[in-house]
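Below: one structure, written as structure tokens.
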Amino acid sequence: MQKPSRPPHTPLRLGTRGSPLALAQAHMTVAALRARHGWDEGAVEIVVVQTSGDRIQDRALAEIGGKALWTKELDRALASGEIDFAVHSMKDVETIRPAEIRIAAMLPRADVRDRLVGADSFAALPERPLVGTSSPRRAAQVRRLRPDAEVILFRGNVATRLAKLERGEAHATLLAAAGLDRLGQGDVGVTIPVEVMLPAPSQGAVGIETLSDNEAVLDLLASISDADTFDCVMAERAVLAGLGGTCHSPIAALARLEDGRVHLRAEIISPDGQETVSDALRIGRGDAAAAERMGRALLDRASPTLRALFEA
Ligand SMILES: NCc1[nH]cc(CCC(=O)O)c1CC(=O)O
């Protein structure tokens with residue numbers, strides 16, 4: 001690939017949601033492009049696009065039921081030519097994307113772990129603790145660790161959730177370390193080892209999408225993509241695809257490179273935390289089929305009630 005030294009046109013329009021975290025990730029992407037190509041400040045313009053996920057704040061996402069809550073409007077802006085590429089938390093990008101849209105690049109992954117905010121450990125929480133989260137994975141993992149916990153709905157952006165905690169609406173909450181770090185809140189909470197709480201597929205990864213036929217922008221984005229992150233996140237997404245899972249399913253998956261192969265761990269957990277089906281294996285880089293099989297095999301070993309969660 002020829003190294004592009006000039007933008008295909010200026011300014012390039014980067015589409016993003018308007019939350020503080022989304023904007024921080026957009027600025028990271030601009031910085032990566034500018035550093036790689038020596039562009040000046042005006043080369044990339046940030047275009048904020050509001051998504052349905054941002055608009056609807058008072059209900060659990062699973063309840064809204066709509067798909068593509070974080071991406072639909074950005075997909076549309078790509079299709080209409082309003083933006084040249086879109087920056088997303090990969091965790092919020094649906095498993096199956098429209099054929100016209102391609103995940104073109106990922107920035108180097110940040111800390112993949114979760115942080116517990118409000119207590120020094122799960123054991124240190126009071127009896128029958130209230131834990132705020134809207135993630136089915138975190139809810140199930142919390143109940144596995146603390147069967148006496150009551151999980152309450154915590155939605156909104158990172159600052160909103162921290163404010164709810166501050167107001168005493170829960171004893172603790174869980175947030176992605178990556179998000180806290182990117183918001184300059186690296187000192188908030190205690191980091192939970194992945195052996196205790198396996199993260200969500202794609203956690204800590206920022207992805208950039210463009211139209212599948214936009215070769216100039218695809219090439220440009222490839223120039224800042226981190227191949228290790230890309231292959232690991234794609235493996236985790238393939239597990240999700242094999243499970244037929246979404247962000248509303250209690251699924252955790254984490255891939256790491258080890259001697260040129262992908263070490264993949266995944267688990268599904270019943271909402272009450274009583275049943276966990278997990279697996280770990282090594283697969284080749286880019287072997288999405290093997291990762292999908294791993295997802296399907298988890299389902300084969302699950303009880304009928306756990307399996308039913310994935311058949312909706
Ligand atoms: N679902 C919201 C969301 N999407 C991405 C992140 C954090 C950043 C990341 O995981 O890359 C968060 C907040 C959180 O889970 O604490």
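Ordering of the structure tokens sets the chain letters (A, B, ...), residue numbers begin anew at 1 in every chain, and ligands are numbered from 1 in the order given.
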
Which chain A residues have any atom within 6 Å of an atom of ligand 1, and for each, what is the nearest pair of atoms with distance in Å to one decimal, counting only C-alpha atoms and all ligand atoms, rows sorted by chain and number, as JSON lines?
```
{"residue": "A:Ser89", "atom": "CA", "partner": "ligand 1", "partner_atom_place_in_ligand_line": "5 (C)", "distance": 5.0}
{"residue": "A:Lys91", "atom": "CA", "partner": "ligand 1", "partner_atom_place_in_ligand_line": "4 (N)", "distance": 5.5}
{"residue": "A:Asp92", "atom": "CA", "partner": "ligand 1", "partner_atom_place_in_ligand_line": "4 (N)", "distance": 5.5}
{"residue": "A:Leu175", "atom": "CA", "partner": "ligand 1", "partner_atom_place_in_ligand_line": "16 (O)", "distance": 3.5}
{"residue": "A:Ala176", "atom": "CA", "partner": "ligand 1", "partner_atom_place_in_ligand_line": "16 (O)", "distance": 3.7}
{"residue": "A:Ala178", "atom": "CA", "partner": "ligand 1", "partner_atom_place_in_ligand_line": "8 (C)", "distance": 5.0}
{"residue": "A:Gly179", "atom": "CA", "partner": "ligand 1", "partner_atom_place_in_ligand_line": "8 (C)", "distance": 4.1}
{"residue": "A:Gln203", "atom": "CA", "partner": "ligand 1", "partner_atom_place_in_ligand_line": "10 (O)", "distance": 3.8}
{"residue": "A:Gly204", "atom": "CA", "partner": "ligand 1", "partner_atom_place_in_ligand_line": "11 (O)", "distance": 3.2}
{"residue": "A:Ala205", "atom": "CA", "partner": "ligand 1", "partner_atom_place_in_ligand_line": "11 (O)", "distance": 4.8}
```

For this session: Could you pull out the residues in stretch 42-188 of chain A that DSSP calls alpha helix (DSSP H) from the backbone, as a ChimeraX atom specification?
Result: /A:52-55,61-64,72-79,136-145,158-166,177-182

For this session: Kindly give the distance, in Å, that separates atom CA of A:Ser135 and atom CA of A:Ala291, rounded to a single decimal.
Result: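 It comes out at 22.7 Å.
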
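For the residues A:Met106, A:Gly286, A:Val131, A:Ala140, ranking by smallest atom-to-atom distance to A:Leu306 using only C-alpha atoms places A:Ala140 first.
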
Problem set entry | Of the listed residues A:Leu183, A:Ile269, A:Ala238, A:Ile224, that which approaches A:Val142 most closely, counting only C-alpha atoms |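 Closest to A:Val142 of all the choices is A:Ile269.
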
Exercise. Near A:Ala227, within 12 Å and counting only C-alpha atoms, which residues show up once chain neighbours fewer than 4 positions away are dropped, as number ranges by chain?
Worked result: A: 104-109, 205, 207, 221-223, 231-234, 257, 260, 285-286

Next, the residues of the selection above should be written as an mmCIF file, in the first residue's frame with C-alpha atoms.
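The result, stored in result-v3.cif:
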```cif
data_model
loop_
_atom_site.group_PDB
_atom_site.id
_atom_site.type_symbol
_atom_site.label_atom_id
_atom_site.label_comp_id
_atom_site.auth_asym_id
_atom_site.auth_seq_id
_atom_site.Cartn_x
_atom_site.Cartn_y
_atom_site.Cartn_z
ATOM 1 C CA ALA A 104 -11.537 -0.399 8.396
ATOM 2 C CA ALA A 105 -9.250 0.127 11.362
ATOM 3 C CA MET A 106 -8.791 -0.104 15.098
ATOM 4 C CA LEU A 107 -6.614 2.048 17.318
ATOM 5 C CA PRO A 108 -4.231 0.251 19.696
ATOM 6 C CA ARG A 109 -6.353 -1.244 22.432
ATOM 7 C CA ALA A 205 -11.071 -0.958 21.458
ATOM 8 C CA GLY A 207 -12.839 1.176 15.660
ATOM 9 C CA LEU A 221 -7.517 4.150 7.741
ATOM 10 C CA ALA A 222 -5.419 1.014 7.227
ATOM 11 C CA SER A 223 -2.366 3.222 7.730
ATOM 12 C CA ASP A 231 -7.315 -9.531 14.963
ATOM 13 C CA CYS A 232 -8.118 -9.978 18.650
ATOM 14 C CA VAL A 233 -11.295 -7.899 18.533
ATOM 15 C CA MET A 234 -12.447 -9.630 15.357
ATOM 16 C CA LEU A 257 -1.895 -12.710 21.019
ATOM 17 C CA GLY A 260 1.589 -15.342 16.877
ATOM 18 C CA ARG A 285 -4.956 -15.146 13.506
ATOM 19 C CA GLY A 286 -7.934 -14.257 11.369
#
```

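Residue nearest A:Ser134, chosen from A:Asp40, A:His248, A:Ala31, A:Arg102 and counting only C-alpha atoms: A:His248.
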
For this session: Using only C-alpha atoms, pick whichever of A:Val44, A:Val206, A:Leu174, A:Ala216 has the shortest atom-to-atom distance to A:Arg113.
Result: A:Leu174

For this session: Write out as a ChimeraX atom specification which residues come within 8 Å of A:Asn157 when counting only C-alpha atoms, dropping same-chain ones fewer than 3 positions away.
Result: /A:19,160-161

For this session: Could you give me, as a list in words, the residues within 12 Å of A:Leu220, counting only C-alpha atoms and dropping anything in the same chain fewer than 4 positions from it?
Result: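 The residues that qualify are Met1, Gln2, Lys3, Pro4, Ser5, Arg6, Pro7, Pro8, His9, Leu12, Thr29, Ala32, Leu33, Arg34, Arg36, His37, Asp84, Phe85, Ala104, Ala105, Ile208, Glu209, Thr210, Asn214, Glu215, Ala216, Ile224 and Ser225 of chain A.
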
Problem set entry | Contacts of A:Ile283 at 8 Å (only C-alpha atoms; same-chain gap of 2+ positions) as a count of residues only | 9

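Residues in contact with stretch 73-75 of chain A at up to 8 Å, not including ones fewer than 6 positions away on its chain and judged by only C-alpha atoms, are Gly15, Thr16, Val49, Gln50, Thr51, Ser52, Ala86 and Ile101 of chain A.
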
For N, CA and C atoms, I'd like the residues from the last selection saved as an mmCIF file, in the first residue's frame.
```cif
data_model
loop_
_atom_site.group_PDB
_atom_site.id
_atom_site.type_symbol
_atom_site.label_atom_id
_atom_site.label_comp_id
_atom_site.auth_asym_id
_atom_site.auth_seq_id
_atom_site.Cartn_x
_atom_site.Cartn_y
_atom_site.Cartn_z
ATOM 1 N N GLY A 15 -17.080 11.310 11.649
ATOM 2 C CA GLY A 15 -18.361 11.291 12.349
ATOM 3 C C GLY A 15 -18.230 10.602 13.697
ATOM 4 N N THR A 16 -18.901 11.171 14.693
ATOM 5 C CA THR A 16 -18.844 10.573 16.029
ATOM 6 C C THR A 16 -20.097 10.934 16.808
ATOM 7 N N VAL A 49 -22.819 13.499 15.480
ATOM 8 C CA VAL A 49 -24.102 12.955 15.035
ATOM 9 C C VAL A 49 -24.786 12.339 16.258
ATOM 10 N N GLN A 50 -25.986 12.795 16.566
ATOM 11 C CA GLN A 50 -26.689 12.225 17.722
ATOM 12 C C GLN A 50 -27.303 10.878 17.346
ATOM 13 N N THR A 51 -27.188 9.893 18.220
ATOM 14 C CA THR A 51 -27.747 8.571 17.950
ATOM 15 C C THR A 51 -28.955 8.321 18.854
ATOM 16 N N SER A 52 -29.782 7.342 18.476
ATOM 17 C CA SER A 52 -30.955 7.037 19.308
ATOM 18 C C SER A 52 -30.531 6.604 20.703
ATOM 19 N N ALA A 86 -16.461 6.958 10.439
ATOM 20 C CA ALA A 86 -17.109 7.070 11.751
ATOM 21 C C ALA A 86 -16.252 6.354 12.790
ATOM 22 N N ILE A 101 -20.860 -1.258 4.766
ATOM 23 C CA ILE A 101 -19.990 -0.618 5.759
ATOM 24 C C ILE A 101 -18.907 -1.584 6.216
#
```

Seminar exercise, completed: Taken to one decimal, the atom CA of A:Pro129-atom CA of A:Ala149 distance is 4.8 Å

Problem set entry | Counting only C-alpha atoms, the option among A:Ala266, A:Val48, A:Ala280, A:Ala124 closest to A:Pro250 |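 Among the listed residues, A:Ala266 lies closest to A:Pro250.
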
Exercise. Between A:Arg265, A:Arg76, A:Arg237, A:Arg143, which one has atoms that come closest to A:Ile103, using only C-alpha atoms?
Worked result: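 Closest candidate: A:Arg237.
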
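Interatomic distance, atom CA of A:Thr276 against atom CA of A:Thr173: 21.5 Å.
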